[in-house]
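Chemist: Input upload23.txt, format and content: compact mmCIF, N, CA and C atoms.
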```txt
# COMPACT_ATOMS: atom_id res chain seq x y z
N MET A 1 0.82 -1.19 0.00
CA MET A 1 0.00 0.00 0.00
C MET A 1 0.87 1.26 0.00
N THR A 2 1.98 1.24 0.70
CA THR A 2 2.89 2.38 0.75
C THR A 2 3.49 2.65 -0.63
N ALA A 3 3.82 1.59 -1.35
CA ALA A 3 4.38 1.75 -2.69
C ALA A 3 3.38 2.42 -3.61
N THR A 4 2.11 2.07 -3.50
CA THR A 4 1.07 2.67 -4.33
C THR A 4 0.94 4.16 -4.00
N ARG A 5 0.94 4.50 -2.72
CA ARG A 5 0.87 5.91 -2.32
C ARG A 5 2.07 6.68 -2.85
N SER A 6 3.21 6.06 -2.76
CA SER A 6 4.44 6.69 -3.23
C SER A 6 4.38 6.95 -4.74
N ARG A 7 3.89 5.97 -5.49
CA ARG A 7 3.75 6.15 -6.94
C ARG A 7 2.72 7.23 -7.25
N CYS A 8 1.62 7.25 -6.51
CA CYS A 8 0.59 8.27 -6.72
C CYS A 8 1.13 9.66 -6.42
N ALA A 9 1.88 9.78 -5.33
CA ALA A 9 2.46 11.07 -4.96
C ALA A 9 3.45 11.52 -6.03
N ALA A 10 4.26 10.59 -6.53
CA ALA A 10 5.23 10.94 -7.58
C ALA A 10 4.51 11.38 -8.85
N LEU A 11 3.45 10.68 -9.20
CA LEU A 11 2.66 11.06 -10.38
C LEU A 11 2.04 12.44 -10.20
N ALA A 12 1.51 12.70 -9.01
CA ALA A 12 0.91 14.01 -8.74
C ALA A 12 1.95 15.12 -8.87
N ARG A 13 3.17 14.89 -8.38
CA ARG A 13 4.23 15.90 -8.51
C ARG A 13 4.59 16.13 -9.97
N ARG A 14 4.69 15.03 -10.75
CA ARG A 14 5.01 15.18 -12.17
C ARG A 14 3.91 15.94 -12.90
N LEU A 15 2.67 15.65 -12.58
CA LEU A 15 1.55 16.36 -13.22
C LEU A 15 1.55 17.85 -12.85
N ALA A 16 1.84 18.15 -11.59
CA ALA A 16 1.90 19.54 -11.17
C ALA A 16 3.02 20.27 -11.89
N ARG A 17 4.18 19.63 -12.03
CA ARG A 17 5.30 20.25 -12.75
C ARG A 17 4.95 20.46 -14.22
N ALA A 18 4.29 19.47 -14.82
CA ALA A 18 3.89 19.59 -16.22
C ALA A 18 2.91 20.73 -16.40
N ALA A 19 1.95 20.85 -15.49
CA ALA A 19 0.98 21.94 -15.58
C ALA A 19 1.67 23.29 -15.45
N ALA A 20 2.62 23.39 -14.53
CA ALA A 20 3.35 24.64 -14.35
C ALA A 20 4.19 24.95 -15.59
N ALA A 21 4.83 23.94 -16.14
CA ALA A 21 5.63 24.15 -17.34
C ALA A 21 4.75 24.63 -18.49
N LEU A 22 3.57 24.05 -18.61
CA LEU A 22 2.64 24.50 -19.66
C LEU A 22 2.21 25.93 -19.43
N ALA A 23 1.95 26.29 -18.18
CA ALA A 23 1.55 27.66 -17.88
C ALA A 23 2.66 28.64 -18.24
N LEU A 24 3.90 28.31 -17.85
CA LEU A 24 5.02 29.19 -18.17
C LEU A 24 5.28 29.22 -19.67
N ALA A 25 5.18 28.07 -20.32
CA ALA A 25 5.39 28.01 -21.77
C ALA A 25 4.32 28.81 -22.49
N GLY A 26 3.10 28.72 -22.01
CA GLY A 26 2.02 29.50 -22.62
C GLY A 26 2.30 30.98 -22.54
N CYS A 27 2.78 31.44 -21.41
CA CYS A 27 3.13 32.85 -21.25
C CYS A 27 4.26 33.24 -22.21
N ALA A 28 5.26 32.40 -22.26
CA ALA A 28 6.43 32.71 -23.09
C ALA A 28 6.10 32.63 -24.57
N LEU A 29 5.28 31.67 -24.97
CA LEU A 29 4.93 31.52 -26.38
C LEU A 29 3.99 32.61 -26.86
N ALA A 30 3.29 33.24 -25.95
CA ALA A 30 2.36 34.30 -26.32
C ALA A 30 3.13 35.60 -26.51
N GLY A 31 4.25 35.53 -27.19
CA GLY A 31 5.04 36.72 -27.47
C GLY A 31 5.67 37.31 -26.23
N GLY A 32 5.86 36.48 -25.19
CA GLY A 32 6.45 36.99 -23.97
C GLY A 32 5.41 37.66 -23.08
N ALA A 33 4.15 37.69 -23.52
CA ALA A 33 3.10 38.30 -22.71
C ALA A 33 2.89 37.47 -21.46
N VAL A 34 2.76 38.16 -20.35
CA VAL A 34 2.57 37.50 -19.07
C VAL A 34 1.36 38.14 -18.41
N ALA A 35 0.60 37.36 -17.68
CA ALA A 35 -0.57 37.88 -17.00
C ALA A 35 -0.19 39.05 -16.10
N ALA A 36 -1.13 39.96 -15.91
CA ALA A 36 -0.86 41.17 -15.14
C ALA A 36 -0.43 40.87 -13.71
N ASP A 37 -0.92 39.77 -13.14
CA ASP A 37 -0.58 39.45 -11.76
C ASP A 37 0.64 38.54 -11.64
N ALA A 38 1.30 38.26 -12.76
CA ALA A 38 2.50 37.41 -12.74
C ALA A 38 3.65 38.17 -12.08
N PRO A 39 4.55 37.44 -11.42
CA PRO A 39 5.71 38.10 -10.82
C PRO A 39 6.57 38.75 -11.91
N PRO A 40 7.18 39.89 -11.61
CA PRO A 40 8.00 40.56 -12.62
C PRO A 40 9.29 39.81 -12.90
N ALA A 41 9.88 40.08 -14.07
CA ALA A 41 11.20 39.52 -14.38
C ALA A 41 12.20 40.11 -13.41
N ALA A 42 13.40 39.65 -13.45
CA ALA A 42 14.41 40.01 -12.44
C ALA A 42 14.99 41.40 -12.58
N GLY A 43 14.41 42.24 -13.40
CA GLY A 43 14.90 43.60 -13.54
C GLY A 43 16.27 43.64 -14.19
N ALA A 44 17.23 44.30 -13.53
CA ALA A 44 18.57 44.46 -14.08
C ALA A 44 19.26 43.12 -14.32
N ALA A 45 18.99 42.14 -13.47
CA ALA A 45 19.62 40.83 -13.63
C ALA A 45 19.15 40.17 -14.92
N ALA A 46 17.91 40.43 -15.34
CA ALA A 46 17.38 39.83 -16.57
C ALA A 46 18.16 40.30 -17.79
N ALA A 47 18.67 41.50 -17.75
CA ALA A 47 19.41 42.05 -18.89
C ALA A 47 20.74 41.32 -19.11
N ARG A 48 21.30 40.75 -18.06
CA ARG A 48 22.59 40.06 -18.22
C ARG A 48 22.49 38.57 -17.90
N CYS A 49 21.28 38.02 -17.94
CA CYS A 49 21.09 36.60 -17.66
C CYS A 49 21.78 35.76 -18.73
N VAL A 50 22.06 34.50 -18.42
CA VAL A 50 22.77 33.62 -19.34
C VAL A 50 21.92 33.26 -20.56
N GLU A 51 20.60 33.41 -20.46
CA GLU A 51 19.69 33.16 -21.58
C GLU A 51 18.61 34.23 -21.54
N GLU A 52 17.85 34.38 -22.62
CA GLU A 52 16.78 35.39 -22.62
C GLU A 52 15.61 34.95 -21.74
N THR A 53 14.84 35.91 -21.25
CA THR A 53 13.80 35.67 -20.24
C THR A 53 12.79 34.60 -20.65
N GLY A 54 12.23 34.68 -21.84
CA GLY A 54 11.25 33.70 -22.28
C GLY A 54 11.81 32.29 -22.30
N TYR A 55 13.04 32.17 -22.76
CA TYR A 55 13.70 30.86 -22.80
C TYR A 55 13.87 30.32 -21.38
N MET A 56 14.30 31.17 -20.46
CA MET A 56 14.50 30.73 -19.08
C MET A 56 13.18 30.33 -18.43
N ARG A 57 12.11 31.08 -18.71
CA ARG A 57 10.81 30.71 -18.14
C ARG A 57 10.38 29.33 -18.60
N ARG A 58 10.64 29.01 -19.84
CA ARG A 58 10.24 27.70 -20.39
C ARG A 58 11.18 26.58 -20.00
N ASN A 59 12.47 26.86 -19.89
CA ASN A 59 13.47 25.79 -19.83
C ASN A 59 14.38 25.76 -18.61
N HIS A 60 14.19 26.64 -17.63
CA HIS A 60 15.17 26.70 -16.53
C HIS A 60 15.30 25.38 -15.79
N MET A 61 14.20 24.67 -15.61
CA MET A 61 14.29 23.41 -14.87
C MET A 61 15.09 22.37 -15.66
N ASP A 62 14.89 22.32 -16.97
CA ASP A 62 15.67 21.38 -17.79
C ASP A 62 17.15 21.74 -17.75
N LEU A 63 17.46 23.03 -17.80
CA LEU A 63 18.87 23.46 -17.74
C LEU A 63 19.49 23.07 -16.41
N LEU A 64 18.75 23.31 -15.32
CA LEU A 64 19.28 22.96 -14.00
C LEU A 64 19.46 21.45 -13.85
N ARG A 65 18.50 20.68 -14.34
CA ARG A 65 18.61 19.21 -14.26
C ARG A 65 19.81 18.71 -15.06
N HIS A 66 19.97 19.25 -16.27
CA HIS A 66 21.10 18.85 -17.13
C HIS A 66 22.42 19.20 -16.44
N HIS A 67 22.50 20.41 -15.89
CA HIS A 67 23.72 20.84 -15.20
C HIS A 67 23.99 19.94 -14.00
N ARG A 68 22.94 19.61 -13.24
CA ARG A 68 23.09 18.71 -12.08
C ARG A 68 23.63 17.35 -12.52
N ASP A 69 23.05 16.79 -13.57
CA ASP A 69 23.47 15.48 -14.04
C ASP A 69 24.93 15.48 -14.49
N ARG A 70 25.33 16.53 -15.22
CA ARG A 70 26.72 16.60 -15.66
C ARG A 70 27.67 16.74 -14.48
N THR A 71 27.26 17.51 -13.47
CA THR A 71 28.11 17.71 -12.30
C THR A 71 28.20 16.45 -11.45
N VAL A 72 27.05 15.89 -11.10
CA VAL A 72 27.02 14.76 -10.18
C VAL A 72 27.49 13.47 -10.84
N ARG A 73 27.02 13.20 -12.04
CA ARG A 73 27.31 11.91 -12.67
C ARG A 73 28.60 11.89 -13.47
N GLU A 74 28.96 13.05 -14.04
CA GLU A 74 30.14 13.07 -14.90
C GLU A 74 31.30 13.87 -14.31
N GLY A 75 31.05 14.57 -13.21
CA GLY A 75 32.11 15.34 -12.58
C GLY A 75 32.49 16.61 -13.32
N ILE A 76 31.63 17.07 -14.23
CA ILE A 76 31.91 18.28 -15.01
C ILE A 76 31.24 19.46 -14.33
N ARG A 77 32.04 20.41 -13.83
CA ARG A 77 31.50 21.59 -13.16
C ARG A 77 31.69 22.82 -14.04
N THR A 78 30.57 23.46 -14.35
CA THR A 78 30.61 24.72 -15.07
C THR A 78 29.72 25.71 -14.31
N THR A 79 29.73 26.95 -14.71
CA THR A 79 28.92 27.94 -14.00
C THR A 79 27.77 28.50 -14.84
N ARG A 80 27.77 28.24 -16.14
CA ARG A 80 26.78 28.88 -17.01
C ARG A 80 25.33 28.65 -16.59
N HIS A 81 24.93 27.45 -16.30
CA HIS A 81 23.55 27.17 -15.90
C HIS A 81 23.48 26.57 -14.50
N SER A 82 24.35 27.01 -13.61
CA SER A 82 24.37 26.45 -12.27
C SER A 82 23.34 27.15 -11.38
N LEU A 83 22.79 26.41 -10.44
CA LEU A 83 21.83 26.99 -9.50
C LEU A 83 22.51 28.08 -8.67
N ALA A 84 23.75 27.87 -8.30
CA ALA A 84 24.48 28.88 -7.53
C ALA A 84 24.59 30.18 -8.31
N GLY A 85 24.78 30.08 -9.64
CA GLY A 85 24.84 31.28 -10.47
C GLY A 85 23.52 32.03 -10.48
N CYS A 86 22.43 31.28 -10.51
CA CYS A 86 21.09 31.91 -10.46
C CYS A 86 20.93 32.68 -9.16
N VAL A 87 21.29 32.03 -8.05
CA VAL A 87 21.15 32.65 -6.74
C VAL A 87 22.04 33.89 -6.64
N ASP A 88 23.25 33.80 -7.17
CA ASP A 88 24.18 34.93 -7.11
C ASP A 88 23.58 36.19 -7.74
N CYS A 89 22.89 36.04 -8.88
CA CYS A 89 22.34 37.20 -9.58
C CYS A 89 20.94 37.58 -9.15
N HIS A 90 20.13 36.61 -8.80
CA HIS A 90 18.70 36.88 -8.58
C HIS A 90 18.30 37.02 -7.12
N ALA A 91 19.23 36.95 -6.18
CA ALA A 91 18.89 37.12 -4.77
C ALA A 91 18.38 38.54 -4.54
N ASP A 92 17.37 38.67 -3.70
CA ASP A 92 16.81 39.98 -3.36
C ASP A 92 17.90 40.84 -2.72
N PRO A 93 18.05 42.09 -3.13
CA PRO A 93 19.12 42.94 -2.58
C PRO A 93 18.99 43.14 -1.06
N GLU A 94 17.76 43.15 -0.57
CA GLU A 94 17.53 43.37 0.86
C GLU A 94 17.78 42.11 1.69
N THR A 95 17.18 40.99 1.28
CA THR A 95 17.28 39.76 2.06
C THR A 95 18.44 38.89 1.62
N ARG A 96 19.00 39.15 0.44
CA ARG A 96 20.06 38.34 -0.18
C ARG A 96 19.62 36.89 -0.32
N SER A 97 18.33 36.69 -0.61
CA SER A 97 17.78 35.35 -0.75
C SER A 97 16.84 35.30 -1.95
N VAL A 98 16.64 34.09 -2.51
CA VAL A 98 15.72 33.91 -3.64
C VAL A 98 14.37 33.34 -3.18
N VAL A 99 14.25 33.09 -1.88
CA VAL A 99 12.99 32.61 -1.32
C VAL A 99 12.59 33.54 -0.17
N GLY A 100 11.42 33.35 0.37
CA GLY A 100 10.96 34.21 1.46
C GLY A 100 10.46 35.55 0.93
N ARG A 101 10.25 36.48 1.84
CA ARG A 101 9.74 37.81 1.48
C ARG A 101 10.60 38.89 2.11
N ASN A 102 10.68 40.02 1.41
CA ASN A 102 11.42 41.14 1.97
C ASN A 102 10.47 42.01 2.80
N ALA A 103 10.98 43.10 3.35
CA ALA A 103 10.18 43.97 4.23
C ALA A 103 8.97 44.56 3.50
N ALA A 104 9.07 44.75 2.18
CA ALA A 104 7.96 45.30 1.41
C ALA A 104 6.92 44.23 1.07
N GLY A 105 7.18 42.98 1.47
CA GLY A 105 6.24 41.90 1.21
C GLY A 105 6.40 41.24 -0.15
N ARG A 106 7.47 41.60 -0.88
CA ARG A 106 7.71 41.01 -2.20
C ARG A 106 8.40 39.67 -2.03
N ASP A 107 7.88 38.67 -2.76
CA ASP A 107 8.48 37.34 -2.73
C ASP A 107 9.88 37.35 -3.32
N GLY A 108 10.72 36.43 -2.86
CA GLY A 108 12.02 36.23 -3.48
C GLY A 108 11.84 35.79 -4.92
N PHE A 109 12.87 35.94 -5.73
CA PHE A 109 12.80 35.68 -7.17
C PHE A 109 12.21 34.32 -7.51
N CYS A 110 12.74 33.26 -6.93
CA CYS A 110 12.24 31.91 -7.22
C CYS A 110 10.87 31.68 -6.60
N ALA A 111 10.71 32.09 -5.34
CA ALA A 111 9.46 31.84 -4.61
C ALA A 111 8.27 32.48 -5.30
N GLY A 112 8.43 33.70 -5.83
CA GLY A 112 7.32 34.40 -6.46
C GLY A 112 6.77 33.66 -7.67
N CYS A 113 7.64 33.24 -8.57
CA CYS A 113 7.18 32.53 -9.77
C CYS A 113 6.62 31.15 -9.43
N HIS A 114 7.30 30.45 -8.54
CA HIS A 114 6.83 29.11 -8.17
C HIS A 114 5.48 29.17 -7.46
N ARG A 115 5.27 30.19 -6.64
CA ARG A 115 3.98 30.37 -5.98
C ARG A 115 2.91 30.70 -7.03
N TYR A 116 3.25 31.55 -7.99
CA TYR A 116 2.31 31.96 -9.04
C TYR A 116 1.80 30.78 -9.85
N VAL A 117 2.69 29.84 -10.19
CA VAL A 117 2.27 28.69 -11.00
C VAL A 117 1.98 27.45 -10.14
N ALA A 118 1.95 27.62 -8.82
CA ALA A 118 1.60 26.56 -7.88
C ALA A 118 2.48 25.32 -8.01
N VAL A 119 3.79 25.55 -8.04
CA VAL A 119 4.75 24.46 -8.10
C VAL A 119 5.62 24.52 -6.86
N GLN A 120 5.83 23.36 -6.25
CA GLN A 120 6.66 23.30 -5.05
C GLN A 120 8.10 23.63 -5.41
N LEU A 121 8.70 24.44 -4.60
CA LEU A 121 10.10 24.85 -4.79
C LEU A 121 10.95 24.02 -3.84
N ASP A 122 11.47 22.89 -4.34
CA ASP A 122 12.22 22.00 -3.46
C ASP A 122 13.72 22.01 -3.68
N CYS A 123 14.21 22.84 -4.58
CA CYS A 123 15.65 22.93 -4.83
C CYS A 123 16.40 23.25 -3.55
N PHE A 124 15.78 24.12 -2.74
CA PHE A 124 16.47 24.67 -1.59
C PHE A 124 16.30 23.83 -0.33
N ASP A 125 15.76 22.63 -0.50
CA ASP A 125 15.80 21.68 0.60
C ASP A 125 17.25 21.29 0.84
N CYS A 126 18.04 21.28 -0.23
CA CYS A 126 19.46 20.92 -0.14
C CYS A 126 20.39 22.09 -0.46
N HIS A 127 20.01 22.95 -1.39
CA HIS A 127 20.88 24.03 -1.87
C HIS A 127 20.67 25.33 -1.10
N ALA A 128 21.69 26.17 -1.08
CA ALA A 128 21.64 27.45 -0.38
C ALA A 128 20.72 28.43 -1.11
N THR A 129 19.99 29.22 -0.33
CA THR A 129 19.10 30.23 -0.89
C THR A 129 19.78 31.58 -1.01
N GLN A 130 20.99 31.67 -0.47
CA GLN A 130 21.74 32.92 -0.48
C GLN A 130 23.11 32.70 -1.09
N PRO A 131 23.65 33.71 -1.77
CA PRO A 131 24.99 33.56 -2.34
C PRO A 131 26.04 33.46 -1.24
N ALA A 132 27.18 32.92 -1.59
CA ALA A 132 28.29 32.84 -0.64
C ALA A 132 28.69 34.24 -0.21
N ALA A 133 29.33 34.37 0.91
CA ALA A 133 29.68 35.69 1.47
C ALA A 133 30.44 36.57 0.49
N GLY A 134 31.43 36.04 -0.21
CA GLY A 134 32.21 36.83 -1.17
C GLY A 134 31.35 37.31 -2.33
N VAL A 135 30.43 36.48 -2.76
CA VAL A 135 29.54 36.84 -3.87
C VAL A 135 28.54 37.88 -3.42
N ALA A 136 28.06 37.77 -2.18
CA ALA A 136 27.09 38.74 -1.65
C ALA A 136 27.67 40.14 -1.67
N ALA A 137 28.95 40.28 -1.29
CA ALA A 137 29.59 41.58 -1.30
C ALA A 137 29.72 42.11 -2.72
N ALA A 138 30.06 41.24 -3.67
CA ALA A 138 30.18 41.66 -5.06
C ALA A 138 28.82 42.01 -5.64
N GLY A 139 27.78 41.26 -5.22
CA GLY A 139 26.44 41.51 -5.72
C GLY A 139 25.90 42.86 -5.32
N ALA A 140 26.35 43.39 -4.19
CA ALA A 140 25.90 44.69 -3.73
C ALA A 140 26.36 45.80 -4.68
N ARG A 141 27.40 45.53 -5.44
CA ARG A 141 27.91 46.54 -6.39
C ARG A 141 27.19 46.49 -7.72
N ARG A 142 26.42 45.44 -7.98
CA ARG A 142 25.78 45.26 -9.28
C ARG A 142 24.68 46.25 -9.50
```
Here is the file; what I need is its structure written in the form of structure tokens.
Modeler:
Amino acid sequence: MTATRSRCAALARRLARAAAALALAGCALAGGAVAADAPPAAGAAAARCVEETGYMRRNHMDLLRHHRDRTVREGIRTTRHSLAGCVDCHADPETRSVVGRNAAGRDGFCAGCHRYVAVQLDCFDCHATQPAAGVAAAGARR
């Protein structure tokens, strides 16, 4: 019975991710048009992101998964599509985090979009939500 629940839970997570991906893809395919209540793009960080905004909205999870697989399974470490690179650029200037809320009540970069499309944000169960101390100081100059 536990195995069945586990399979059902895994299927539910996959379906939720697929629905979120479709929602983001729909926004991106509609000429980049996004619903009025959608979280804003990353502002200045979006201008220097490793890929264009629409592409990242549609494909960021695939890029992160591919990067993870190359790092963990093949031992190849790069920074172009690394989660740490995302956090370094997209952390909130006030909280220095990509999750949670700042004093103005604005969601962190990742949390806002994931909440909007109702997808669980589980990357940070293991990964840091804030850049390393040296990067945080450099980020303040950006």
Chemist: Can you pull out the residues contacting segment 60-66 of chain A? Cut-off 7 Å, using only C-alpha atoms, and skip same-chain residues under 2 positions away; I want them as a list in words.
Modeler: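 Contacts, with the query itself left out: Met56, Arg57, Arg58, Arg68, Asp69, Arg70, His81, Ser82 and Leu83 of chain A.
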Chemist: The selected residues should be written to file as a short mmCIF file (atom, residue, chain, number, x, y, z; two decimals), in the coordinates of the input (atoms: N, CA and C atoms).
Modeler:
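Result went into result-v4.cif, see below:
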```cif
data_model
loop_
_atom_site.label_atom_id
_atom_site.label_comp_id
_atom_site.auth_asym_id
_atom_site.auth_seq_id
_atom_site.Cartn_x
_atom_site.Cartn_y
_atom_site.Cartn_z
N MET A 56 14.30 31.17 -20.46
CA MET A 56 14.50 30.73 -19.08
C MET A 56 13.18 30.33 -18.43
N ARG A 57 12.11 31.08 -18.71
CA ARG A 57 10.81 30.71 -18.14
C ARG A 57 10.38 29.33 -18.60
N ARG A 58 10.64 29.01 -19.84
CA ARG A 58 10.24 27.70 -20.39
C ARG A 58 11.18 26.58 -20.00
N ARG A 68 22.94 19.61 -13.24
CA ARG A 68 23.09 18.71 -12.08
C ARG A 68 23.63 17.35 -12.52
N ASP A 69 23.05 16.79 -13.57
CA ASP A 69 23.47 15.48 -14.04
C ASP A 69 24.93 15.48 -14.49
N ARG A 70 25.33 16.53 -15.22
CA ARG A 70 26.72 16.60 -15.66
C ARG A 70 27.67 16.74 -14.48
N HIS A 81 24.93 27.45 -16.30
CA HIS A 81 23.55 27.17 -15.90
C HIS A 81 23.48 26.57 -14.50
N SER A 82 24.35 27.01 -13.61
CA SER A 82 24.37 26.45 -12.27
C SER A 82 23.34 27.15 -11.38
N LEU A 83 22.79 26.41 -10.44
CA LEU A 83 21.83 26.99 -9.50
C LEU A 83 22.51 28.08 -8.67
#
```
Chemist: Tell me, which residues of segment 71-113 of chain A carry DSSP helix (DSSP H, G or I), written as a PDB file with N, CA and C atoms, in the coordinates of the input?
Modeler:
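The file below, states_28.pdb, is the result:
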```pdb
ATOM      1  N   THR A  71      27.260  17.510 -13.470  1.00  0.00           N
ATOM      2  CA  THR A  71      28.110  17.710 -12.300  1.00  0.00           C
ATOM      3  C   THR A  71      28.200  16.450 -11.450  1.00  0.00           C
ATOM      4  N   VAL A  72      27.050  15.890 -11.100  1.00  0.00           N
ATOM      5  CA  VAL A  72      27.020  14.760 -10.180  1.00  0.00           C
ATOM      6  C   VAL A  72      27.490  13.470 -10.840  1.00  0.00           C
ATOM      7  N   ARG A  73      27.020  13.200 -12.040  1.00  0.00           N
ATOM      8  CA  ARG A  73      27.310  11.910 -12.670  1.00  0.00           C
ATOM      9  C   ARG A  73      28.600  11.890 -13.470  1.00  0.00           C
ATOM     10  N   GLU A  74      28.960  13.050 -14.040  1.00  0.00           N
ATOM     11  CA  GLU A  74      30.140  13.070 -14.900  1.00  0.00           C
ATOM     12  C   GLU A  74      31.300  13.870 -14.310  1.00  0.00           C
ATOM     13  N   LEU A  83      22.790  26.410 -10.440  1.00  0.00           N
ATOM     14  CA  LEU A  83      21.830  26.990  -9.500  1.00  0.00           C
ATOM     15  C   LEU A  83      22.510  28.080  -8.670  1.00  0.00           C
ATOM     16  N   ALA A  84      23.750  27.870  -8.300  1.00  0.00           N
ATOM     17  CA  ALA A  84      24.480  28.880  -7.530  1.00  0.00           C
ATOM     18  C   ALA A  84      24.590  30.180  -8.310  1.00  0.00           C
ATOM     19  N   GLY A  85      24.780  30.080  -9.640  1.00  0.00           N
ATOM     20  CA  GLY A  85      24.840  31.280 -10.470  1.00  0.00           C
ATOM     21  C   GLY A  85      23.520  32.030 -10.480  1.00  0.00           C
ATOM     22  N   CYS A  86      22.430  31.280 -10.510  1.00  0.00           N
ATOM     23  CA  CYS A  86      21.090  31.910 -10.460  1.00  0.00           C
ATOM     24  C   CYS A  86      20.930  32.680  -9.160  1.00  0.00           C
ATOM     25  N   VAL A  87      21.290  32.030  -8.050  1.00  0.00           N
ATOM     26  CA  VAL A  87      21.150  32.650  -6.740  1.00  0.00           C
ATOM     27  C   VAL A  87      22.040  33.890  -6.640  1.00  0.00           C
ATOM     28  N   ASP A  88      23.250  33.800  -7.170  1.00  0.00           N
ATOM     29  CA  ASP A  88      24.180  34.930  -7.110  1.00  0.00           C
ATOM     30  C   ASP A  88      23.580  36.190  -7.740  1.00  0.00           C
ATOM     31  N   CYS A  89      22.890  36.040  -8.880  1.00  0.00           N
ATOM     32  CA  CYS A  89      22.340  37.200  -9.580  1.00  0.00           C
ATOM     33  C   CYS A  89      20.940  37.580  -9.150  1.00  0.00           C
ATOM     34  N   HIS A  90      20.130  36.610  -8.800  1.00  0.00           N
ATOM     35  CA  HIS A  90      18.700  36.880  -8.580  1.00  0.00           C
ATOM     36  C   HIS A  90      18.300  37.020  -7.120  1.00  0.00           C
ATOM     37  N   PHE A 109      12.870  35.940  -5.730  1.00  0.00           N
ATOM     38  CA  PHE A 109      12.800  35.680  -7.170  1.00  0.00           C
ATOM     39  C   PHE A 109      12.210  34.320  -7.510  1.00  0.00           C
ATOM     40  N   CYS A 110      12.740  33.260  -6.930  1.00  0.00           N
ATOM     41  CA  CYS A 110      12.240  31.910  -7.220  1.00  0.00           C
ATOM     42  C   CYS A 110      10.870  31.680  -6.600  1.00  0.00           C
ATOM     43  N   ALA A 111      10.710  32.090  -5.340  1.00  0.00           N
ATOM     44  CA  ALA A 111       9.460  31.840  -4.610  1.00  0.00           C
ATOM     45  C   ALA A 111       8.270  32.480  -5.300  1.00  0.00           C
ATOM     46  N   GLY A 112       8.430  33.700  -5.830  1.00  0.00           N
ATOM     47  CA  GLY A 112       7.320  34.400  -6.460  1.00  0.00           C
ATOM     48  C   GLY A 112       6.770  33.660  -7.670  1.00  0.00           C
ATOM     49  N   CYS A 113       7.640  33.240  -8.570  1.00  0.00           N
ATOM     50  CA  CYS A 113       7.180  32.530  -9.770  1.00  0.00           C
ATOM     51  C   CYS A 113       6.620  31.150  -9.430  1.00  0.00           C
TER      52      CYS A 113
END
```
Chemist: What gap, in Å, lies between atom CA of Cys126 of chain A and atom CA of Ala12 of chain A?
Modeler: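 Atom CA of Ala12 of chain A lies at a distance of 21.6 Å from atom CA of Cys126 of chain A.
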Chemist: How many Å separate atom N of Ser97 of chain A from atom C of Ala132 of chain A?
Modeler: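 Going from atom N of Ser97 of chain A over to atom C of Ala132 of chain A, I get 10.7 Å.
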Chemist: Would you mind reading off the distance between atom C of Gly54 of chain A and atom C of Arg80 of chain A, one decimal, in Å?
Modeler: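 Those two atoms sit 15.1 Å apart.
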Chemist: Neighbouring residues of Gly112 of chain A were defined as those with any atom within 7 Å, considering all atoms listed in the file; residues of the same chain fewer than 3 positions away were excluded. Please report them as a short mmCIF file (atom, residue, chain, number, x, y, z; two decimals) with N, CA and C atoms, keeping the file's coordinate frame.
Modeler:
```cif
data_model
loop_
_atom_site.label_atom_id
_atom_site.label_comp_id
_atom_site.auth_asym_id
_atom_site.auth_seq_id
_atom_site.Cartn_x
_atom_site.Cartn_y
_atom_site.Cartn_z
N PRO A 39 4.55 37.44 -11.42
CA PRO A 39 5.71 38.10 -10.82
C PRO A 39 6.57 38.75 -11.91
N VAL A 98 16.64 34.09 -2.51
CA VAL A 98 15.72 33.91 -3.64
C VAL A 98 14.37 33.34 -3.18
N VAL A 99 14.25 33.09 -1.88
CA VAL A 99 12.99 32.61 -1.32
C VAL A 99 12.59 33.54 -0.17
N GLY A 100 11.42 33.35 0.37
CA GLY A 100 10.96 34.21 1.46
C GLY A 100 10.46 35.55 0.93
N ARG A 106 7.47 41.60 -0.88
CA ARG A 106 7.71 41.01 -2.20
C ARG A 106 8.40 39.67 -2.03
N ASP A 107 7.88 38.67 -2.76
CA ASP A 107 8.48 37.34 -2.73
C ASP A 107 9.88 37.35 -3.32
N GLY A 108 10.72 36.43 -2.86
CA GLY A 108 12.02 36.23 -3.48
C GLY A 108 11.84 35.79 -4.92
N PHE A 109 12.87 35.94 -5.73
CA PHE A 109 12.80 35.68 -7.17
C PHE A 109 12.21 34.32 -7.51
N ARG A 115 5.27 30.19 -6.64
CA ARG A 115 3.98 30.37 -5.98
C ARG A 115 2.91 30.70 -7.03
N TYR A 116 3.25 31.55 -7.99
CA TYR A 116 2.31 31.96 -9.04
C TYR A 116 1.80 30.78 -9.85
N VAL A 117 2.69 29.84 -10.19
CA VAL A 117 2.27 28.69 -11.00
C VAL A 117 1.98 27.45 -10.14
#
```
Chemist: Which one is closest to Gln130 of chain A: A:Val72, A:Ala91, A:Ala3, A:Val50? Count all atoms listed in the file.
Modeler: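 The closest residue to Gln130 of chain A is A:Ala91.
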